[in-house]
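Visitor: Hey, dropping input_5.txt in here, compact mmCIF, C-alpha atoms:
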# COMPACT_ATOMS: atom_id res chain seq x y z
CA MET A 202 11.88 26.74 41.73
CA ASN A 203 8.18 26.18 41.21
CA ILE A 204 7.09 25.12 37.77
CA SER A 205 3.59 24.18 36.82
CA TYR A 206 2.27 22.99 33.49
CA LYS A 207 -1.18 23.39 32.06
CA SER A 208 -2.83 23.03 28.72
CA GLY A 209 -2.78 26.17 26.65
CA THR A 210 -4.05 27.32 23.31
CA GLY A 211 -0.96 29.13 22.05
CA THR A 212 -3.23 32.00 21.06
CA PRO A 213 -4.15 35.25 22.80
CA GLY A 214 -6.67 35.15 25.62
CA PHE A 215 -7.06 35.76 29.32
CA VAL A 216 -4.24 34.47 31.49
CA GLU A 217 -3.76 34.59 35.22
CA VAL A 218 -0.82 36.77 36.25
CA ARG A 219 0.68 38.13 39.44
CA LYS A 220 1.61 41.79 39.79
CA PHE A 221 4.30 43.19 42.05
CA LEU A 222 4.19 46.49 43.91
CA HIS A 223 7.64 48.01 44.45
CA ALA A 224 8.54 50.25 47.39
CA GLY A 225 8.73 53.48 45.42
CA GLN A 226 6.24 55.74 43.70
CA GLN A 227 5.09 54.65 40.26
CA SER A 228 5.54 57.07 37.41
CA TYR A 229 4.01 57.37 33.98
CA PRO A 230 4.23 56.54 31.13
CA ARG A 231 4.90 52.87 31.84
CA LEU A 232 6.63 52.36 28.52
CA LEU A 233 9.59 54.65 27.75
CA ASP A 234 10.60 54.67 24.11
CA LEU A 235 12.69 56.51 21.58
CA THR A 236 13.37 56.29 17.87
CA ALA A 237 16.99 55.91 16.81
CA GLU A 238 18.75 55.31 13.55
CA PRO A 239 20.95 52.32 12.74
CA ALA A 240 24.60 53.31 12.61
CA GLU A 241 26.95 50.33 12.49
CA GLU A 242 26.64 46.56 12.32
CA LEU A 243 29.70 44.81 13.73
CA ARG A 244 30.80 41.19 14.00
CA ILE A 245 33.35 40.91 16.79
CA THR A 246 35.58 37.90 17.38
CA LEU A 247 37.31 37.67 20.76
CA ARG A 248 40.11 35.15 21.01
CA SER A 249 41.04 32.73 23.77
CA GLY A 250 42.21 34.33 26.99
CA VAL A 251 40.67 37.76 26.32
CA LEU A 252 38.53 39.40 29.01
CA VAL A 253 35.25 40.25 27.31
CA GLY A 254 34.32 43.48 29.12
CA PRO A 255 37.56 45.40 28.58
CA ALA A 256 37.83 44.08 25.01
CA LEU A 257 34.32 45.27 24.12
CA ARG A 258 34.97 48.70 25.65
CA THR A 259 38.14 49.02 23.57
CA VAL A 260 36.15 48.32 20.42
CA LEU A 261 33.28 50.63 21.36
CA LEU A 262 35.53 53.59 22.18
CA ARG A 263 36.34 53.80 18.46
CA TYR A 264 32.70 54.54 17.67
CA GLY A 265 32.02 57.30 20.18
CA GLN A 266 29.11 57.51 22.61
CA ARG A 267 26.38 55.33 21.16
CA GLY A 268 23.64 53.02 22.28
CA GLY A 269 23.49 49.52 21.00
CA VAL A 270 22.43 45.93 21.40
CA ALA A 271 24.31 42.71 20.80
CA ARG A 272 23.83 38.97 20.79
CA LEU A 273 26.31 36.26 21.66
CA CYS A 274 26.48 34.08 18.57
CA GLY A 275 28.66 31.34 19.98
CA GLY A 276 31.85 30.57 21.77
CA SER A 277 33.18 29.41 25.09
CA ALA A 278 34.62 30.74 28.31
CA ARG A 279 37.19 29.56 30.85
CA ARG A 280 35.59 31.39 33.74
CA LEU A 281 32.77 33.76 34.49
CA HIS A 282 30.70 35.19 37.31
CA TYR A 283 26.95 35.47 37.10
CA HIS A 284 24.17 36.56 39.42
CA ARG A 285 20.62 35.43 40.12
CA ILE A 286 17.84 37.46 41.70
CA GLU A 287 17.30 36.58 45.37
CA HIS A 288 14.92 37.56 48.15
CA THR A 289 16.42 40.07 50.62
CA LEU A 290 15.48 41.47 54.03
CA ASP A 291 15.52 45.04 52.70
CA ASP A 292 12.00 46.50 52.53
CA GLN A 293 13.11 49.03 49.94
CA ARG A 294 14.63 46.39 47.64
CA PRO A 295 13.08 43.05 48.63
CA TYR A 296 14.63 41.34 45.62
CA ASP A 297 18.18 41.95 44.44
CA TYR A 298 21.11 40.17 42.89
CA GLY A 299 22.75 37.70 45.27
CA PRO A 300 26.46 36.88 45.51
CA PRO A 301 28.14 35.83 42.27
CA HIS A 302 28.04 32.23 41.11
CA VAL A 303 31.56 31.49 39.90
CA LEU A 304 32.13 29.03 37.07
CA ALA A 305 35.52 27.87 35.85
CA GLY A 306 36.72 25.29 33.39
CA SER A 307 34.89 24.60 30.15
CA ILE A 308 31.84 26.82 29.67
CA THR A 309 29.85 26.76 26.42
CA PHE A 310 27.53 29.66 25.60
CA VAL A 311 24.13 28.71 24.20
CA THR A 312 22.38 32.08 24.25
CA GLY A 313 23.07 35.63 25.35
CA ALA A 314 22.23 39.26 24.77
CA ILE A 315 23.83 42.55 25.74
CA THR A 316 22.45 46.06 26.10
CA LEU A 317 25.18 48.65 25.53
CA GLY A 318 24.59 51.54 27.87
CA GLN A 319 26.45 54.33 29.54
CA ASN A 320 26.45 56.33 32.74
CA GLN A 321 26.05 60.09 33.09
CA HIS A 322 29.79 60.55 32.48
CA GLY A 323 29.74 58.62 29.21
CA ASP A 324 31.43 55.50 30.63
CA ILE A 325 30.31 52.35 28.83
CA LEU A 326 28.06 49.94 30.74
CA LEU A 327 27.50 46.39 29.53
CA HIS A 328 24.27 44.73 30.69
CA CYS A 329 24.46 41.05 29.74
CA HIS A 330 22.20 38.08 30.34
CA ALA A 331 23.32 34.69 29.04
CA GLY A 332 22.85 30.95 29.26
CA PHE A 333 25.65 28.40 29.16
CA LEU A 334 26.67 24.80 29.84
CA ASP A 335 29.34 24.06 32.37
CA GLY A 336 31.89 21.26 32.00
CA ASP A 337 29.48 18.76 33.59
CA GLY A 338 26.79 19.55 31.05
CA THR A 339 24.65 21.47 33.51
CA ILE A 340 22.87 24.43 31.97
CA HIS A 341 22.86 27.72 33.88
CA GLY A 342 21.78 31.26 33.14
CA GLY A 343 21.50 34.73 34.60
CA HIS A 344 23.05 38.17 34.80
CA VAL A 345 26.63 37.86 33.57
CA LEU A 346 29.45 40.21 34.55
CA LEU A 347 31.34 40.56 31.28
CA ASP A 348 34.40 41.94 33.09
CA THR A 349 34.81 38.46 34.63
CA VAL A 350 34.33 36.47 31.43
CA GLU A 351 37.57 35.05 30.02
CA VAL A 352 37.16 33.61 26.52
CA GLY A 353 37.79 29.86 26.32
CA ASP A 354 39.30 27.70 23.62
CA ASP A 355 36.60 28.63 21.08
CA PRO A 356 36.52 32.29 20.05
CA LEU A 357 33.54 34.28 21.29
CA ILE A 358 31.49 35.77 18.44
CA ILE A 359 29.37 38.86 19.19
CA ARG A 360 27.03 40.54 16.68
CA LEU A 361 26.52 44.16 17.58
CA CYS A 362 24.12 46.84 16.33
CA LEU A 363 25.05 50.43 17.18
CA PHE A 364 22.55 53.30 17.13
CA SER A 365 22.80 56.95 16.35
CA GLN A 366 20.59 59.66 17.90
CA GLY A 367 19.84 57.56 20.95
CA ALA A 368 21.46 55.62 23.77
CA PHE A 369 20.60 53.66 26.90
CA VAL A 370 21.71 55.87 29.81
CA VAL A 371 21.62 54.82 33.46
CA ASN A 372 19.40 56.74 35.87
CA SER A 373 18.10 55.99 39.32
CA ASP A 374 14.56 54.66 39.27
CA GLU A 375 12.36 55.91 42.09
CA GLU A 376 9.85 53.08 41.80
CA THR A 377 12.21 50.08 42.02
CA ARG A 378 15.13 51.80 43.83
CA PHE A 379 17.51 50.43 41.19
CA SER A 380 19.79 52.27 38.78
CA LEU A 381 18.44 51.29 35.37
CA LEU A 382 19.09 51.96 31.69
CA HIS A 383 16.68 54.35 30.00
CA PRO A 384 16.35 55.34 26.32
CA THR A 385 17.82 58.82 26.01
CA PRO A 386 18.18 61.15 23.02
CA MET A 387 21.81 61.66 22.09
CA GLU A 388 23.60 63.40 19.25
CA SER A 389 26.13 61.06 17.66
CA MET B 298 -5.46 45.60 -3.07
CA THR B 299 -3.82 45.30 0.31
CA THR B 300 -0.45 46.70 1.24
CA SER B 301 0.99 43.24 1.48
CA ALA B 302 -0.11 42.53 -2.06
CA LEU B 303 2.02 45.43 -3.25
CA THR B 304 5.17 44.13 -1.66
CA ASN B 305 7.74 42.20 -3.56
CA THR B 306 7.18 38.64 -2.41
CA LEU B 307 8.64 35.99 -4.66
CA ARG B 308 7.18 32.51 -4.91
CA ILE B 309 9.68 29.91 -5.98
CA PRO B 310 7.86 26.75 -7.10
CA THR B 311 9.76 23.50 -7.36
CA ASP B 312 8.58 19.91 -7.70
CA ASP B 313 7.74 19.54 -4.04
CA LEU B 314 8.38 22.92 -2.43
CA ASP B 315 6.55 26.23 -2.35
CA ILE B 316 8.98 28.79 -1.04
CA GLN B 317 8.15 32.43 -0.36
CA VAL B 318 10.95 34.97 -0.33
CA GLN B 319 10.22 38.55 0.69
CA GLU B 320 12.82 41.12 -0.25
CA GLY B 321 13.23 44.22 1.85
CA ARG B 322 15.48 46.13 4.17
CA LEU B 323 15.74 47.12 7.80
CA GLY B 324 14.69 50.65 8.79
CA LYS B 325 14.49 52.73 11.94
CA LEU B 326 15.17 51.40 15.42
CA VAL B 327 12.92 51.79 18.44
CA MET B 328 14.61 51.44 21.82
CA ALA B 329 12.48 51.12 24.93
CA ARG B 330 12.32 50.40 28.62
CA LEU B 331 9.32 48.58 30.11
CA LYS B 332 8.39 49.45 33.68
CA PRO B 333 7.15 46.94 36.27
CA ASN B 334 3.92 45.02 35.56
CA GLU B 335 3.94 45.77 31.82
CA ASP B 336 3.54 42.73 29.57
CA LEU B 337 6.35 41.92 27.14
CA THR B 338 4.28 41.01 24.06
CA GLU B 339 1.63 43.70 24.56
CA SER B 340 4.34 46.33 24.97
CA VAL B 341 6.08 45.29 21.78
CA GLU B 342 2.75 45.50 19.94
CA ALA B 343 2.17 48.97 21.41
CA LEU B 344 5.62 50.12 20.30
CA CYS B 345 4.91 49.02 16.74
CA ARG B 346 1.58 50.88 16.71
CA GLN B 347 2.99 54.04 18.27
CA HIS B 348 5.87 54.20 15.81
CA GLY B 349 3.85 53.27 12.73
CA MET B 350 5.72 50.07 12.03
CA ALA B 351 3.70 47.51 10.10
CA ALA B 352 6.43 44.95 10.60
CA ALA B 353 9.42 44.76 12.88
CA ILE B 354 11.95 42.35 14.32
CA VAL B 355 13.36 42.13 17.82
CA ARG B 356 17.03 43.13 17.78
CA GLY B 357 17.59 42.62 21.49
CA ALA B 358 15.75 42.29 24.78
CA ILE B 359 16.88 41.52 28.32
CA GLY B 360 15.40 42.14 31.72
CA SER B 361 13.37 40.36 34.37
CA LEU B 362 9.84 39.01 34.77
CA ILE B 363 7.67 38.53 37.85
CA ASP B 364 6.81 35.05 36.54
CA ALA B 365 7.19 33.60 33.06
CA ARG B 366 4.52 31.87 31.04
CA LEU B 367 5.89 30.07 27.99
CA ALA B 368 3.99 27.96 25.46
CA TYR B 369 5.07 25.10 23.23
CA ALA B 370 3.33 22.79 20.77
CA SER B 371 2.95 19.21 21.99
CA THR B 372 1.46 16.14 20.40
CA ASP B 373 -1.84 16.87 22.18
CA GLY B 374 -1.95 20.58 21.45
CA TRP B 375 -0.44 23.69 22.99
CA ARG B 376 0.90 23.45 26.52
CA GLU B 377 2.14 26.13 28.85
CA MET B 378 4.99 26.27 31.31
CA HIS B 379 4.66 28.52 34.33
CA ILE B 380 8.04 29.50 35.77
CA SER B 381 7.66 31.13 39.17
CA GLY B 382 9.59 34.17 40.29
CA PRO B 383 9.73 36.91 41.13
CA GLY B 384 12.94 37.50 39.27
CA VAL B 385 12.82 35.29 36.19
CA GLU B 386 15.61 36.63 34.00
CA ILE B 387 15.06 37.12 30.26
CA LEU B 388 18.22 35.86 28.56
CA ASN B 389 17.15 36.46 24.97
CA VAL B 390 14.07 37.22 22.85
CA PHE B 391 13.58 36.43 19.19
CA GLY B 392 10.68 37.10 16.89
CA GLU B 393 8.97 39.37 14.45
CA LEU B 394 5.77 41.37 14.46
CA GLY B 395 3.45 42.05 11.59
CA CYS B 396 4.76 40.26 8.51
CA GLY B 397 1.27 38.91 7.78
CA GLN B 398 0.94 36.82 10.93
CA ALA B 399 -2.47 36.49 12.56
CA HIS B 400 -0.92 36.63 16.04
CA GLN B 401 2.34 38.17 17.11
CA THR B 402 4.74 35.63 18.49
CA LEU B 403 7.85 36.22 20.49
CA GLN B 404 9.94 33.35 21.73
CA GLY B 405 12.93 33.26 23.93
CA VAL B 406 14.98 31.87 26.75
CA VAL B 407 14.59 32.63 30.47
CA ALA B 408 16.31 31.56 33.69
CA ASP B 409 14.63 31.14 37.07
CA SER B 410 16.09 32.16 40.43
CA ASP B 411 17.96 28.83 40.60
CA GLY B 412 19.66 29.60 37.29
CA LYS B 413 17.71 26.87 35.52
CA ILE B 414 16.89 27.62 31.88
CA PHE B 415 13.58 27.36 30.03
CA ALA B 416 12.57 28.29 26.48
CA GLY B 417 9.37 28.73 24.59
CA ARG B 418 6.85 31.15 23.16
CA PHE B 419 5.96 34.08 25.42
CA VAL B 420 2.22 33.91 26.17
CA ARG B 421 0.60 37.26 25.48
CA GLY B 422 -0.42 38.91 28.75
CA GLY B 423 1.44 36.36 30.86
CA ASN B 424 4.94 37.82 31.12
CA LEU B 425 4.93 40.96 33.26
CA CYS B 426 8.07 43.00 33.79
CA PHE B 427 9.53 42.72 37.30
CA ILE B 428 12.19 45.47 37.52
CA THR B 429 12.99 46.47 33.94
CA ILE B 430 13.10 45.18 30.39
CA GLU B 431 15.31 46.84 27.79
CA ILE B 432 14.13 46.11 24.27
CA THR B 433 15.12 47.24 20.80
CA LEU B 434 12.99 46.71 17.70
CA GLN B 435 13.89 47.41 14.08
CA GLU B 436 11.40 48.12 11.34
CA TRP B 437 11.18 45.69 8.43
CA LEU B 438 10.40 47.45 5.15
CA PRO B 439 9.39 45.05 2.38
CA ALA B 440 10.53 46.06 -1.09
CA THR B 441 7.73 47.40 -3.24
CA GLN B 442 7.14 46.18 -6.77
Translate the structure described by the file into structure tokens.
Guide:
Amino acid sequence: MNISYKSGTGTPGFVEVRKFLHAGQQSYPRLLDLTAEPAEELRITLRSGVLVGPALRTVLLRYGQRGGVARLCGGSARRLHYHRIEHTLDDQRPYDYGPPHVLAGSITFVTGAITLGQNQHGDILLHCHAGFLDGDGTIHGGHVLLDTVEVGDDPLIIRLCLFSQGAFVVNSDEETRFSLLHPTPMES
Amino acid sequence: MTTSALTNTLRIPTDDLDIQVQEGRLGKLVMARLKPNEDLTESVEALCRQHGMAAAIVRGAIGSLIDARLAYASTDGWREMHISGPGVEILNVFGELGCGQAHQTLQGVVADSDGKIFAGRFVRGGNLCFITIEITLQEWLPATQ
């Protein structure tokens, strides 16, 4: 961790930034976008002991193949696995997710967001990043595997916005060598 | 008369408060993926321009940054935090664009490669995408009089 502080203005202006060149060929445009229409707004409550990933997939299957986004509005977990990005020895993917960090006990969510995607076969993919306090009061955050998250004593509340006419679909990305979610037109 | 003057903004005066309430509804969604080295705030501004949205809110955004630059107001003015990556994870983004603000502001929560969490206002031009950022905006349509 390397954190530096400096005085700022809080307004637009020139800032010093680092760029990163990935192993693969860049492609254009650099911003991929798509218009979709709002379809459903859902408030989901998952009770103690439920595994979040399978439970969300069960709910989403009722609404067909759709894209969507969600936020964690509160709740706790008994256990979860999350990943952080680490340096690797692979020239093609010099940074990748490391082994899972496993938390168990009392875990309190403080923030979190989910992109609802799918693969080429229509299987639902849940891309979640979240922050949480463990039982010692230490705050953590990273890429959370929702299939490992077991809801704790407090119900987990998720607010979900489903789209029509568009979805996030996974495709291999030549530039970064990762499989990533891309906005994709979709009848629904 | 400006467009904003035509919108239905209510002013609710009380003895010691001056409250503005803007009525409206949410419209179309714009879903996007940012590629490496694209700035978060500048990309959101570009999406609004390209899709003709005078005002919009962030419905969701996650991904990773090369480094993060976050600002916060302190007693001696604005200060910035620089969180070094590569691989600073975006855990959440909140904010709105347009809506009569002089500068667009997005704020959010990030985690560094040790899992440590930081929050603040994303400095425009200072938060470049590392691998990908998935973002969804929704248009805000103020009610007209």
Visitor: Considering only C-alpha atoms, give me a table of residues in stretch 231-298 of chain A that are at most 12 Å from stretch 371-384 of chain B, with the closest atom pair and distance in Å for each, as JSON lines.
Guide:
{"residue": "A:His284", "atom": "CA", "partner": "B:Gly384", "partner_atom": "CA", "distance": 11.3}
{"residue": "A:Arg285", "atom": "CA", "partner": "B:Gly384", "partner_atom": "CA", "distance": 8.0}
{"residue": "A:Ile286", "atom": "CA", "partner": "B:Gly384", "partner_atom": "CA", "distance": 5.5}
{"residue": "A:Glu287", "atom": "CA", "partner": "B:Gly384", "partner_atom": "CA", "distance": 7.6}
{"residue": "A:His288", "atom": "CA", "partner": "B:Pro383", "partner_atom": "CA", "distance": 8.8}
{"residue": "A:Pro295", "atom": "CA", "partner": "B:Pro383", "partner_atom": "CA", "distance": 10.3}
{"residue": "A:Tyr296", "atom": "CA", "partner": "B:Gly384", "partner_atom": "CA", "distance": 7.6}
{"residue": "A:Asp297", "atom": "CA", "partner": "B:Gly384", "partner_atom": "CA", "distance": 8.6}
{"residue": "A:Tyr298", "atom": "CA", "partner": "B:Gly384", "partner_atom": "CA", "distance": 9.3}
Visitor: Using only C-alpha atoms, can you tell me which of A:Ala368, A:Pro356, A:Glu351, A:His328 comes closest to A:Ser380?
Guide: A:His328
Visitor: Write out as a ChimeraX atom specification every residue belonging to chain B that has an atom at most 7 Å from any atom of chain A, counting only C-alpha atoms.
Guide: /B:325-332,334,357,359,368,375-381,384,386,388-389,408-414,421-423,428
Visitor: What does the distance from atom CA of B:Cys345 to atom CA of B:Gln435 come to in Å, to one decimal?
Guide: 9.5 Å
Visitor: Give me, please, the distance in Å between atom CA of A:Asp324 and atom CA of A:Val253, quoted to one decimal.
Guide: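 That distance, rounded to one decimal, is 16.1 Å.
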Visitor: Could you jot down the atom CA of B:Leu323 to atom CA of B:Thr441 separation for me, Å, one decimal place?
Guide: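 Distance reported for this atom pair: 13.6 Å.
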Visitor: Please list as a ChimeraX atom specification every residue within 9 Å of A:Asp355, counting only C-alpha atoms and excluding residues in the same chain fewer than 4 positions away.
Guide: /A:248-249,275-278,309
Visitor: With C-alpha atoms kept, could you save the residues just selected as a short mmCIF file (atom, residue, chain, number, x, y, z; two decimals), in the coordinates of the input?
Guide:
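In the end it all went to result_17.cif:
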data_model
loop_
_atom_site.label_atom_id
_atom_site.label_comp_id
_atom_site.auth_asym_id
_atom_site.auth_seq_id
_atom_site.Cartn_x
_atom_site.Cartn_y
_atom_site.Cartn_z
CA ARG A 248 40.11 35.15 21.01
CA SER A 249 41.04 32.73 23.77
CA GLY A 275 28.66 31.34 19.98
CA GLY A 276 31.85 30.57 21.77
CA SER A 277 33.18 29.41 25.09
CA ALA A 278 34.62 30.74 28.31
CA THR A 309 29.85 26.76 26.42
#
Visitor: With all atoms listed in the file as the counted atoms, please give the residues lying no more than 7 Å from B:Phe391, apart from itself and same-chain residues fewer than 4 positions off, as a compact mmCIF listing (two decimals) with C-alpha atoms, keeping the file's coordinate frame.
Guide:
# COMPACT_ATOMS: atom_id res chain seq x y z
CA VAL B 355 13.36 42.13 17.82
CA LEU B 403 7.85 36.22 20.49
CA GLN B 404 9.94 33.35 21.73
CA GLY B 405 12.93 33.26 23.93
Visitor: Quick one: of B:Leu425, B:Val385, B:Ala416, B:Leu362, who's nearest to B:Glu339, counting only C-alpha atoms?
Guide: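 Under the stated criterion, the closest residue is B:Leu425.
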